[in-house]
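Asks: I am sharing run-v2.cif, which consists of mmCIF, C-alpha atoms and all ligand atoms:
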```cif
data_coords
#
loop_
_atom_site.label_atom_id
_atom_site.label_comp_id
_atom_site.auth_asym_id
_atom_site.auth_seq_id
_atom_site.Cartn_x
_atom_site.Cartn_y
_atom_site.Cartn_z
CA MET A 1 -28.71 -142.20 214.33
CA GLN A 2 -27.97 -145.88 214.81
CA TYR A 3 -24.57 -146.94 213.45
CA GLN A 4 -25.25 -149.86 211.17
CA HIS A 5 -24.13 -151.18 207.79
CA GLY A 6 -25.96 -153.54 205.43
CA GLY A 7 -25.51 -157.30 205.32
CA SER A 8 -27.04 -158.27 208.66
CA PRO A 9 -30.14 -160.33 207.79
CA GLN A 10 -29.70 -162.39 210.98
CA SER A 11 -30.55 -159.45 213.21
CA ASP A 12 -33.75 -158.72 211.27
CA LEU A 13 -34.72 -162.40 211.18
CA ALA A 14 -34.36 -162.45 214.97
CA ARG A 15 -36.30 -159.18 215.30
CA PHE A 16 -39.25 -160.67 213.41
CA GLY A 17 -38.90 -164.06 215.12
CA LEU A 18 -38.40 -165.76 211.74
CA LYS A 19 -36.47 -168.79 210.64
CA THR A 20 -36.17 -168.86 206.87
CA PRO A 21 -34.23 -170.61 204.13
CA PRO A 22 -30.90 -169.12 202.97
CA ILE A 23 -31.14 -165.44 202.24
CA LEU A 24 -30.41 -163.70 198.96
CA ASP A 25 -28.81 -160.47 200.13
CA PHE A 26 -29.67 -157.26 198.28
CA SER A 27 -28.50 -155.11 201.17
CA VAL A 28 -24.75 -155.02 200.45
CA ASN A 29 -23.57 -153.07 197.41
CA LEU A 30 -20.94 -155.43 196.02
CA ASN A 31 -20.46 -156.52 192.41
CA PHE A 32 -22.87 -159.44 192.13
CA LEU A 33 -20.46 -161.29 189.78
CA GLY A 34 -18.08 -161.85 192.69
CA PRO A 35 -14.33 -161.23 192.40
CA PRO A 36 -12.58 -161.37 189.01
CA PRO A 37 -12.08 -165.07 188.10
CA ILE A 38 -8.31 -164.64 187.79
CA ILE A 39 -8.05 -164.06 191.55
CA LYS A 40 -9.40 -167.52 192.26
CA GLN A 41 -7.27 -169.09 189.53
CA ARG A 42 -4.06 -167.59 190.93
CA TRP A 43 -5.03 -167.69 194.59
CA MET A 44 -2.41 -170.24 195.66
CA GLU A 45 0.34 -167.95 194.39
CA PHE A 46 -0.55 -165.47 197.10
CA PHE A 47 0.12 -167.97 199.86
CA ASP A 48 3.81 -167.05 200.00
CA CYS A 49 2.90 -163.49 200.99
CA ILE A 50 1.73 -164.52 204.42
CA VAL A 51 5.24 -165.02 205.78
CA ASP A 52 6.77 -161.61 205.07
CA TYR A 53 5.85 -158.15 206.19
CA PRO A 54 4.10 -156.46 203.29
CA ASP A 55 5.45 -153.42 201.46
CA MET A 56 4.75 -150.47 203.76
CA GLY A 57 3.76 -148.16 200.98
CA GLY A 58 1.26 -150.51 199.31
CA ARG A 59 3.30 -150.74 196.10
CA GLY A 60 0.76 -152.99 194.38
CA VAL A 61 -2.14 -150.66 195.14
CA LYS A 62 -0.24 -147.64 193.87
CA GLY A 63 0.67 -149.56 190.74
CA TYR A 64 -3.00 -150.28 190.17
CA TYR A 65 -4.04 -146.61 190.31
CA GLU A 66 -1.07 -145.60 188.22
CA LYS A 67 -1.90 -148.10 185.48
CA LYS A 68 -5.65 -147.78 185.58
CA PHE A 69 -6.10 -144.05 186.14
CA ARG A 70 -2.67 -142.67 185.13
CA ILE A 71 -2.10 -141.18 188.57
CA ALA A 72 1.47 -140.56 189.71
CA GLN A 73 2.48 -142.65 192.73
CA LYS A 74 3.31 -139.54 194.78
CA ASN A 75 -0.40 -138.62 194.60
CA ILE A 76 -1.71 -141.91 196.00
CA LEU A 77 -2.04 -143.17 199.54
CA PRO A 78 -3.31 -146.77 199.70
CA GLY A 79 -5.60 -147.83 202.52
CA ASN A 80 -7.05 -150.90 204.16
CA GLY A 81 -10.27 -150.23 202.28
CA SER A 82 -11.30 -146.61 201.87
CA THR A 83 -12.60 -146.83 205.45
CA GLU A 84 -9.11 -146.51 206.91
CA LEU A 85 -8.65 -143.30 204.93
CA ILE A 86 -12.09 -141.90 205.77
CA TYR A 87 -10.99 -142.06 209.42
CA LEU A 88 -7.44 -140.85 208.78
CA LEU A 89 -8.38 -137.70 206.85
CA PRO A 90 -10.24 -135.62 209.47
CA ARG A 91 -7.61 -136.50 212.07
CA VAL A 92 -4.67 -135.43 209.94
CA LEU A 93 -6.37 -132.42 208.38
CA GLY A 94 -7.37 -131.25 211.87
CA LEU A 95 -10.90 -130.49 210.72
CA LYS A 96 -12.91 -128.25 213.06
CA LYS A 97 -16.20 -127.90 211.21
CA VAL A 98 -17.32 -130.06 208.32
CA VAL A 99 -20.32 -129.93 206.03
CA ILE A 100 -21.81 -133.28 205.10
CA ILE A 101 -24.35 -133.64 202.34
CA ILE A 102 -27.01 -136.06 203.54
CA PRO A 103 -28.40 -138.62 203.17
CA SER A 104 -24.98 -140.16 202.71
CA TYR A 105 -22.61 -142.76 204.06
CA HIS A 106 -22.59 -142.78 207.90
CA ASP A 107 -18.86 -142.94 208.36
CA TYR A 108 -18.17 -139.40 207.10
CA ALA A 109 -19.91 -138.10 210.20
CA ARG A 110 -18.57 -140.74 212.54
CA ALA A 111 -14.97 -140.18 211.44
CA SER A 112 -15.32 -136.39 211.63
CA ARG A 113 -16.87 -136.56 215.08
CA GLN A 114 -14.16 -138.89 216.35
CA ALA A 115 -11.57 -136.37 215.15
CA GLY A 116 -13.33 -133.69 217.17
CA ALA A 117 -14.99 -131.83 214.29
CA GLN A 118 -18.35 -130.18 214.53
CA ILE A 119 -20.80 -131.31 211.85
CA SER A 120 -23.19 -129.28 209.82
CA TYR A 121 -25.59 -131.34 207.71
CA LEU A 122 -26.79 -130.19 204.33
CA PRO A 123 -29.93 -132.18 203.59
CA LEU A 124 -31.03 -133.14 200.08
CA THR A 125 -34.67 -133.92 199.55
CA PRO A 126 -36.62 -136.64 197.75
CA ASP A 127 -38.81 -133.97 196.09
CA HIS A 128 -35.74 -132.98 194.06
CA ASN A 129 -34.47 -136.53 193.63
CA PHE A 130 -31.72 -135.73 196.14
CA ALA A 131 -30.02 -133.42 193.61
CA PHE A 132 -26.83 -131.50 194.42
CA PRO A 133 -27.61 -128.03 195.82
CA GLU A 134 -27.21 -124.91 193.67
CA GLN A 135 -23.88 -123.09 193.98
CA ASP A 136 -25.44 -120.22 195.97
CA LYS A 137 -26.81 -122.62 198.53
CA MET A 138 -23.50 -124.46 198.73
CA THR A 139 -21.66 -121.18 199.20
CA VAL A 140 -23.85 -120.31 202.18
CA ALA A 141 -23.62 -123.82 203.61
CA LEU A 142 -19.84 -123.84 203.41
CA GLN A 143 -19.38 -120.60 205.31
CA GLY A 144 -17.36 -121.11 208.47
CA SER A 145 -16.53 -124.70 207.61
CA ASP A 146 -13.21 -126.18 206.65
CA ALA A 147 -14.35 -129.20 204.63
CA LEU A 148 -17.12 -130.72 202.56
CA TRP A 149 -17.78 -134.45 202.40
CA CYS A 150 -19.85 -136.01 199.66
CA GLY A 151 -20.11 -139.20 197.68
CA ARG A 152 -20.35 -139.57 193.92
CA PRO A 153 -22.23 -141.64 193.18
CA ASN A 154 -23.71 -140.89 196.55
CA ASN A 155 -24.65 -143.80 198.79
CA PRO A 156 -27.56 -144.49 199.36
CA THR A 157 -29.26 -142.14 196.88
CA GLY A 158 -27.27 -143.21 193.80
CA ASN A 159 -26.87 -139.68 192.36
CA LEU A 160 -23.78 -138.79 190.46
CA PHE A 161 -23.24 -135.16 191.43
CA SER A 162 -21.80 -133.02 188.65
CA ARG A 163 -18.04 -133.22 188.46
CA GLN A 164 -17.88 -129.63 187.28
CA ALA A 165 -20.00 -128.35 190.18
CA ILE A 166 -17.54 -129.90 192.63
CA LEU A 167 -14.47 -128.63 190.80
CA ASP A 168 -15.98 -125.13 190.66
CA LEU A 169 -16.53 -125.19 194.41
CA ALA A 170 -13.03 -126.50 195.06
CA ASP A 171 -11.61 -123.65 192.96
CA LYS A 172 -13.86 -121.08 194.57
CA PHE A 173 -12.83 -122.12 198.10
CA PRO A 174 -9.12 -122.96 197.99
CA GLN A 175 -8.87 -122.84 201.80
CA LYS A 176 -11.46 -125.58 202.30
CA TRP A 177 -11.02 -129.31 201.80
CA PHE A 178 -13.26 -131.16 199.39
CA ILE A 179 -13.35 -134.84 200.31
CA ILE A 180 -15.16 -136.70 197.59
CA ASP A 181 -15.89 -140.38 198.01
CA GLU A 182 -15.92 -142.22 194.69
CA ALA A 183 -16.25 -145.72 196.17
CA PHE A 184 -18.78 -146.71 193.47
CA ILE A 185 -17.45 -144.75 190.49
CA GLN A 186 -16.34 -147.78 188.49
CA PHE A 187 -19.91 -148.99 188.21
CA VAL A 188 -20.68 -145.88 186.15
CA GLY A 189 -20.62 -146.50 182.39
CA ASN A 190 -18.20 -143.73 181.39
CA TYR A 191 -16.36 -143.73 184.70
CA SER A 192 -12.95 -142.86 183.30
CA GLU A 193 -14.19 -139.50 182.00
CA THR A 194 -16.64 -138.75 184.77
CA SER A 195 -14.41 -139.63 187.73
CA LEU A 196 -12.65 -136.80 189.51
CA LEU A 197 -9.59 -139.01 189.25
CA SER A 198 -9.25 -137.84 185.66
CA SER A 199 -9.33 -134.16 186.66
CA GLU A 200 -6.29 -132.06 187.38
CA ILE A 201 -4.88 -132.55 190.89
CA ARG A 202 -5.88 -129.67 193.18
CA PRO A 203 -4.26 -128.87 196.52
CA ASN A 204 -7.62 -128.96 198.36
CA LEU A 205 -9.30 -131.91 196.61
CA LEU A 206 -9.09 -135.43 198.04
CA ILE A 207 -10.70 -138.30 196.20
CA LEU A 208 -11.43 -141.55 197.95
CA ASN A 209 -11.64 -144.71 195.92
CA SER A 210 -12.49 -148.26 196.95
CA LEU A 211 -11.57 -151.52 195.27
CA THR A 212 -13.80 -153.59 197.51
CA LYS A 213 -17.15 -152.80 195.87
CA PHE A 214 -16.39 -153.06 192.19
CA TYR A 215 -14.12 -156.11 192.50
CA ALA A 216 -16.28 -157.71 195.23
CA MET A 217 -13.40 -158.03 197.69
CA ALA A 218 -14.83 -156.48 200.83
CA GLY A 219 -13.01 -159.10 202.92
CA ILE A 220 -9.64 -158.23 201.40
CA ARG A 221 -9.88 -154.47 202.16
CA LEU A 222 -8.39 -152.25 199.46
CA GLY A 223 -8.73 -148.60 198.58
CA GLY A 224 -6.88 -145.36 198.21
CA VAL A 225 -7.00 -141.61 198.55
CA ILE A 226 -5.74 -139.48 195.70
CA GLY A 227 -4.65 -135.88 196.09
CA HIS A 228 -1.85 -133.36 195.91
CA GLU A 229 1.55 -134.74 196.93
CA ASP A 230 1.86 -132.33 199.89
CA ILE A 231 -1.21 -133.67 201.61
CA ILE A 232 -0.50 -137.26 200.58
CA THR A 233 2.93 -136.96 202.21
CA ARG A 234 1.37 -135.56 205.39
CA LEU A 235 -1.15 -138.38 205.50
CA ARG A 236 1.50 -141.01 204.87
CA ARG A 237 3.56 -139.77 207.82
CA ILE A 238 0.70 -140.31 210.23
CA LYS A 239 -0.88 -143.49 208.86
CA GLU A 240 -0.18 -146.74 210.68
CA PRO A 241 2.32 -149.01 208.90
CA TRP A 242 1.46 -152.28 207.13
CA SER A 243 -2.26 -151.72 206.96
CA ILE A 244 -2.37 -153.11 203.40
CA ASN A 245 -1.81 -156.81 203.87
CA GLY A 246 0.55 -158.67 201.56
CA ILE A 247 -2.14 -160.68 199.77
CA ALA A 248 -4.22 -157.58 199.06
CA ASP A 249 -1.22 -155.67 197.76
CA ARG A 250 -0.04 -158.49 195.54
CA LEU A 251 -3.38 -159.25 193.93
CA CYS A 252 -3.60 -155.61 192.87
CA TYR A 253 -1.13 -156.47 190.11
CA LEU A 254 -3.82 -158.62 188.50
CA LEU A 255 -6.63 -156.06 188.59
CA PRO A 256 -5.67 -153.62 185.82
CA ASN A 257 -5.90 -156.44 183.26
CA CYS A 258 -9.43 -157.56 184.09
CA PHE A 259 -11.07 -155.72 181.18
CA PRO A 260 -13.60 -158.42 180.16
CA TYR A 261 -14.79 -158.76 183.75
CA GLU A 262 -15.05 -154.97 184.11
CA ASP A 263 -16.96 -154.49 180.88
CA LYS A 264 -19.26 -157.39 181.71
CA THR A 265 -19.96 -155.88 185.13
CA ARG A 266 -20.96 -152.49 183.73
CA THR A 267 -22.99 -153.95 180.86
CA LEU A 268 -24.92 -156.38 183.06
CA ILE A 269 -25.56 -153.84 185.78
CA ASN A 270 -26.77 -151.31 183.29
CA GLN A 271 -29.17 -153.81 181.72
CA ALA A 272 -30.35 -155.02 185.12
CA ARG A 273 -30.89 -151.46 186.34
CA MET A 274 -33.11 -150.69 183.37
CA GLN A 275 -35.05 -153.90 183.86
CA LEU A 276 -35.51 -153.21 187.58
CA GLU A 277 -36.67 -149.66 186.93
CA ILE A 278 -39.28 -150.82 184.40
CA HIS A 279 -40.70 -153.28 186.94
CA LEU A 280 -40.42 -151.05 190.00
CA GLU A 281 -42.38 -148.39 188.16
CA LYS A 282 -45.36 -150.74 187.99
CA ILE A 283 -45.36 -151.95 191.60
CA GLU A 284 -47.98 -150.33 193.78
CA GLY A 285 -46.61 -148.50 196.82
CA ILE A 286 -42.97 -148.29 195.74
CA LYS A 287 -41.21 -145.17 194.52
CA PHE A 288 -37.65 -145.45 193.27
CA PHE A 289 -34.97 -142.82 192.66
CA PRO A 290 -32.76 -142.75 189.54
CA SER A 291 -29.29 -144.12 190.24
CA ALA A 292 -25.92 -144.11 188.49
CA ALA A 293 -24.57 -146.85 190.75
CA ASN A 294 -25.12 -150.56 191.36
CA PHE A 295 -27.90 -149.90 193.86
CA ILE A 296 -31.29 -148.20 193.84
CA LEU A 297 -32.92 -146.23 196.63
CA CYS A 298 -36.65 -146.86 197.02
CA GLN A 299 -39.45 -145.68 199.28
CA TRP A 300 -42.24 -147.86 200.60
CA ASN A 301 -45.66 -146.19 200.62
CA ARG A 302 -48.03 -149.14 200.53
CA THR A 303 -48.28 -149.26 204.33
CA ASP A 304 -46.99 -146.91 206.99
CA ASN A 305 -44.26 -149.25 208.22
CA LEU A 306 -41.36 -150.63 206.20
CA ASP A 307 -41.24 -153.60 208.59
CA HIS A 308 -44.28 -154.99 206.80
CA LEU A 309 -42.29 -155.21 203.59
CA LEU A 310 -39.04 -156.34 205.23
CA ARG A 311 -40.81 -159.21 206.95
CA HIS A 312 -42.57 -160.23 203.73
CA LEU A 313 -39.24 -160.26 201.86
CA LEU A 314 -37.44 -162.23 204.56
CA ILE A 315 -40.16 -164.87 204.50
CA ASN A 316 -39.40 -165.12 200.78
CA GLY A 317 -35.66 -165.46 201.47
CA LEU A 318 -34.76 -161.90 200.38
CA TYR A 319 -33.08 -159.10 202.26
CA VAL A 320 -32.85 -155.39 201.38
CA ARG A 321 -31.16 -152.51 203.19
CA ASP A 322 -33.45 -150.78 205.66
CA CYS A 323 -32.47 -147.11 205.26
CA ARG A 324 -34.55 -145.68 208.10
CA ASN A 325 -31.39 -145.10 210.13
CA PHE A 326 -30.14 -142.54 207.58
CA THR A 327 -31.06 -138.97 208.51
CA GLY A 328 -33.66 -137.87 205.96
CA LEU A 329 -34.72 -141.40 205.05
CA GLU A 330 -36.68 -142.29 208.17
CA ASN A 331 -39.88 -142.37 206.17
CA ASN A 332 -39.68 -145.98 205.00
CA PHE A 333 -36.79 -145.79 202.55
CA PHE A 334 -34.88 -148.91 201.57
CA ARG A 335 -32.07 -149.70 199.15
CA ILE A 336 -31.56 -152.62 196.82
CA CYS A 337 -28.29 -153.74 195.30
CA ILE A 338 -28.54 -154.59 191.62
CA ARG A 339 -27.87 -158.29 191.07
CA SER A 340 -28.34 -160.71 188.14
CA LEU A 341 -31.54 -160.56 186.05
CA LYS A 342 -32.60 -163.84 187.65
CA ASP A 343 -32.08 -162.62 191.23
CA ASN A 344 -33.70 -159.27 190.47
CA ASN A 345 -36.75 -161.08 189.10
CA LEU A 346 -37.09 -162.94 192.39
CA LEU A 347 -37.04 -159.61 194.19
CA ILE A 348 -39.51 -157.99 191.80
CA ASN A 349 -41.91 -160.93 192.15
CA ALA A 350 -41.67 -160.80 195.92
CA LEU A 351 -42.20 -157.02 196.00
CA ALA A 352 -45.21 -157.35 193.70
CA SER A 353 -46.73 -160.20 195.70
CA PHE A 354 -47.05 -158.23 198.96
CA SER A 355 -50.62 -158.29 200.13
CA ILE A 356 -52.25 -156.06 202.72
CA LYS A 357 -53.89 -159.24 204.05
CA GLU A 358 -50.49 -160.21 205.48
CA ILE A 359 -50.89 -157.46 208.07
CA PHE A 360 -54.67 -157.39 208.40
CA PRO A 361 -55.66 -161.03 207.79
C1 LIG B 1 -20.00 -144.76 200.15
C2 LIG B 1 -19.01 -145.69 200.78
N1 LIG B 1 -17.75 -145.27 200.94
C3 LIG B 1 -16.83 -146.06 201.50
C4 LIG B 1 -17.15 -147.32 201.95
C5 LIG B 1 -16.09 -148.14 202.59
O1 LIG B 1 -15.63 -149.09 201.69
P1 LIG B 1 -14.29 -149.88 201.88
O2 LIG B 1 -13.71 -149.55 203.19
O3 LIG B 1 -14.66 -151.33 201.79
O4 LIG B 1 -13.40 -149.45 200.76
C6 LIG B 1 -18.45 -147.80 201.81
C7 LIG B 1 -18.82 -149.14 202.29
O5 LIG B 1 -19.95 -149.54 202.30
C8 LIG B 1 -19.41 -146.96 201.19
O6 LIG B 1 -20.66 -147.36 201.02
#
```
As structure tokens - that is how I would like this structure written.
Ligand SMILES: Cc1ncc(COP(=O)(O)O)c(C=O)c1O

Replies:
Amino acid sequence: MQYQHGGSPQSDLARFGLKTPPILDFSVNLNFLGPPPIIKQRWMEFFDCIVDYPDMGGRGVKGYYEKKFRIAQKNILPGNGSTELIYLLPRVLGLKKVVIIIPSYHDYARASRQAGAQISYLPLTPDHNFAFPEQDKMTVALQGSDALWCGRPNNPTGNLFSRQAILDLADKFPQKWFIIDEAFIQFVGNYSETSLLSSEIRPNLLILNSLTKFYAMAGIRLGGVIGHEDIITRLRRIKEPWSINGIADRLCYLLPNCFPYEDKTRTLINQARMQLEIHLEKIEGIKFFPSAANFILCQWNRTDNLDHLLRHLLINGLYVRDCRNFTGLENNFFRICIRSLKDNNLLINALASFSIKEIFP
């Protein structure tokens, strides 16, 4: 499997030998509103932070999770994006054999492999809309393993696996780790009830959260892992110091008060998702999968090669995430990030205007 993230239109433009106008990028799953306006307004205040070493414990990040999710500081380990923690966990936990539900985010496997763990994939299928496996199947799959990785909502399928199903498994297998990535949870309408962050802390449950997607701050790098204080203490001992930079830590104090921005984000994305689904339904040769997140997984069936569509979109200044490098999605799957109604309309029009004559003139 090729290691690749979204947001690289230049490589596809080069691959197709195209020069096009500026690209509207639907391949990266960030909040299309951009960062909360208050960050820009107060930006100059953060300048002072560049001189001093930042707080080693990420005090601002912990304060955010405490205020927003009512999590005690002893249960939080901040990270330089959730990525730092995805890589820290298998190393510190000493994982030997992990189960990864796929298709899912590449870095669960990469981080596990780098820590020396063996990987057992548990594939979900499009025929069942990539639904979470039944408990019996999970029980069999988890045999002999010491951890399960999964995302909720899962990237790139968009499913929000049942919170209860995961908690039941965590309770049933107290000796195994359950590492649940909730990087996109705040895009979900009733996120505060549905997130595992509002469940009781369990010794074997680790919840990853990211602040880079929802607050559109991928360049700032902010996230955290939430779990029992014993494991958080172990992780903290091993983690490199100062990985949360001073600016990132300080601007976290502004985030818990961004209610209007947060509500607007969820309302607009919800509306835009419904609008996109109505239109996608009518476009010949595209199948989409229901999503709880700010992105939608689709499959291209109009021709036998997704490149035909990717090229057509790039010519129209639009870029989507080619998902063929995800195991299980080789058959012409792609993912679109939900943007504004106006941007989504551009995408819908471009998808609908594909003509077979472009390939067979
Ligand atoms: C499912 C998922 N988890 C985690 C991450 C890492 O996010 P970050 O390190 O920016 O918090 C990503 C990034 O794309 C992602 O898609």

Asks: Mind pulling up the distance from atom CA of A:Arg266 to atom CA of A:Ala352?

Replies: 26.7 Å

Asks: Select the residues contacting ligand LIG 1 (chain B) at a distance of at most 8 Å, based on all atoms listed in the file, then format the selection as a ChimeraX atom specification.

Replies: /A:5-6,28-29,80-84,86,104-105,107,151,153-156,181-184,208-213,217-218,221-223

Asks: Please dump the current selection as a compact mmCIF listing (two decimals), keeping the file's coordinate frame; keep C-alpha atoms.

Replies:
```txt
# COMPACT_ATOMS: atom_id res chain seq x y z
CA HIS A 5 -24.13 -151.18 207.79
CA GLY A 6 -25.96 -153.54 205.43
CA VAL A 28 -24.75 -155.02 200.45
CA ASN A 29 -23.57 -153.07 197.41
CA ASN A 80 -7.05 -150.90 204.16
CA GLY A 81 -10.27 -150.23 202.28
CA SER A 82 -11.30 -146.61 201.87
CA THR A 83 -12.60 -146.83 205.45
CA GLU A 84 -9.11 -146.51 206.91
CA ILE A 86 -12.09 -141.90 205.77
CA SER A 104 -24.98 -140.16 202.71
CA TYR A 105 -22.61 -142.76 204.06
CA ASP A 107 -18.86 -142.94 208.36
CA GLY A 151 -20.11 -139.20 197.68
CA PRO A 153 -22.23 -141.64 193.18
CA ASN A 154 -23.71 -140.89 196.55
CA ASN A 155 -24.65 -143.80 198.79
CA PRO A 156 -27.56 -144.49 199.36
CA ASP A 181 -15.89 -140.38 198.01
CA GLU A 182 -15.92 -142.22 194.69
CA ALA A 183 -16.25 -145.72 196.17
CA PHE A 184 -18.78 -146.71 193.47
CA LEU A 208 -11.43 -141.55 197.95
CA ASN A 209 -11.64 -144.71 195.92
CA SER A 210 -12.49 -148.26 196.95
CA LEU A 211 -11.57 -151.52 195.27
CA THR A 212 -13.80 -153.59 197.51
CA LYS A 213 -17.15 -152.80 195.87
CA MET A 217 -13.40 -158.03 197.69
CA ALA A 218 -14.83 -156.48 200.83
CA ARG A 221 -9.88 -154.47 202.16
CA LEU A 222 -8.39 -152.25 199.46
CA GLY A 223 -8.73 -148.60 198.58
```

Asks: Nearest to A:Pro37: which of A:Pro203, A:Pro241, A:Phe259, A:Asn332 is it, counting only C-alpha atoms?

Replies: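 Checking each of A:Pro203, A:Pro241, A:Phe259, A:Asn332 against A:Pro37, counting only C-alpha atoms, the winner is A:Phe259.
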
Asks: Go through A:Ser27, A:Asn270, A:Asn190, A:Gln41 and flag the residue nearest A:Asp12, using all atoms listed in the file for the distances.

Replies: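 Residue with the minimum atom-to-atom distance to A:Asp12: A:Ser27.
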
Asks: For A:Lys137, please output as a list in words all residues within 12 Å (counting only C-alpha atoms; exclusion window: fewer than 2 positions along the same chain).

Replies: Ile101, Leu122, Pro123, Leu124, Phe132, Pro133, Glu134, Gln135, Thr139, Val140, Ala141, Leu142, Gln143 and Leu169 of chain A

Asks: Given the point (-11.2, -126.0, 193.8) in the file's coordinates, find the residues that have an atom at most 12 Å from it, counting all atoms listed in the file, and give them as a list of chain:residue names.

Replies: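 Collected hits near the coordinates: A:Ala147, A:Leu148, A:Arg163, A:Gln164, A:Ala165, A:Ile166, A:Leu167, A:Asp168, A:Leu169, A:Ala170, A:Asp171, A:Lys172, A:Phe173, A:Pro174, A:Gln175, A:Lys176, A:Trp177, A:Phe178, A:Ile179, A:Leu196, A:Ser199, A:Glu200, A:Ile201, A:Arg202, A:Pro203, A:Asn204, A:Leu205, A:Leu206.
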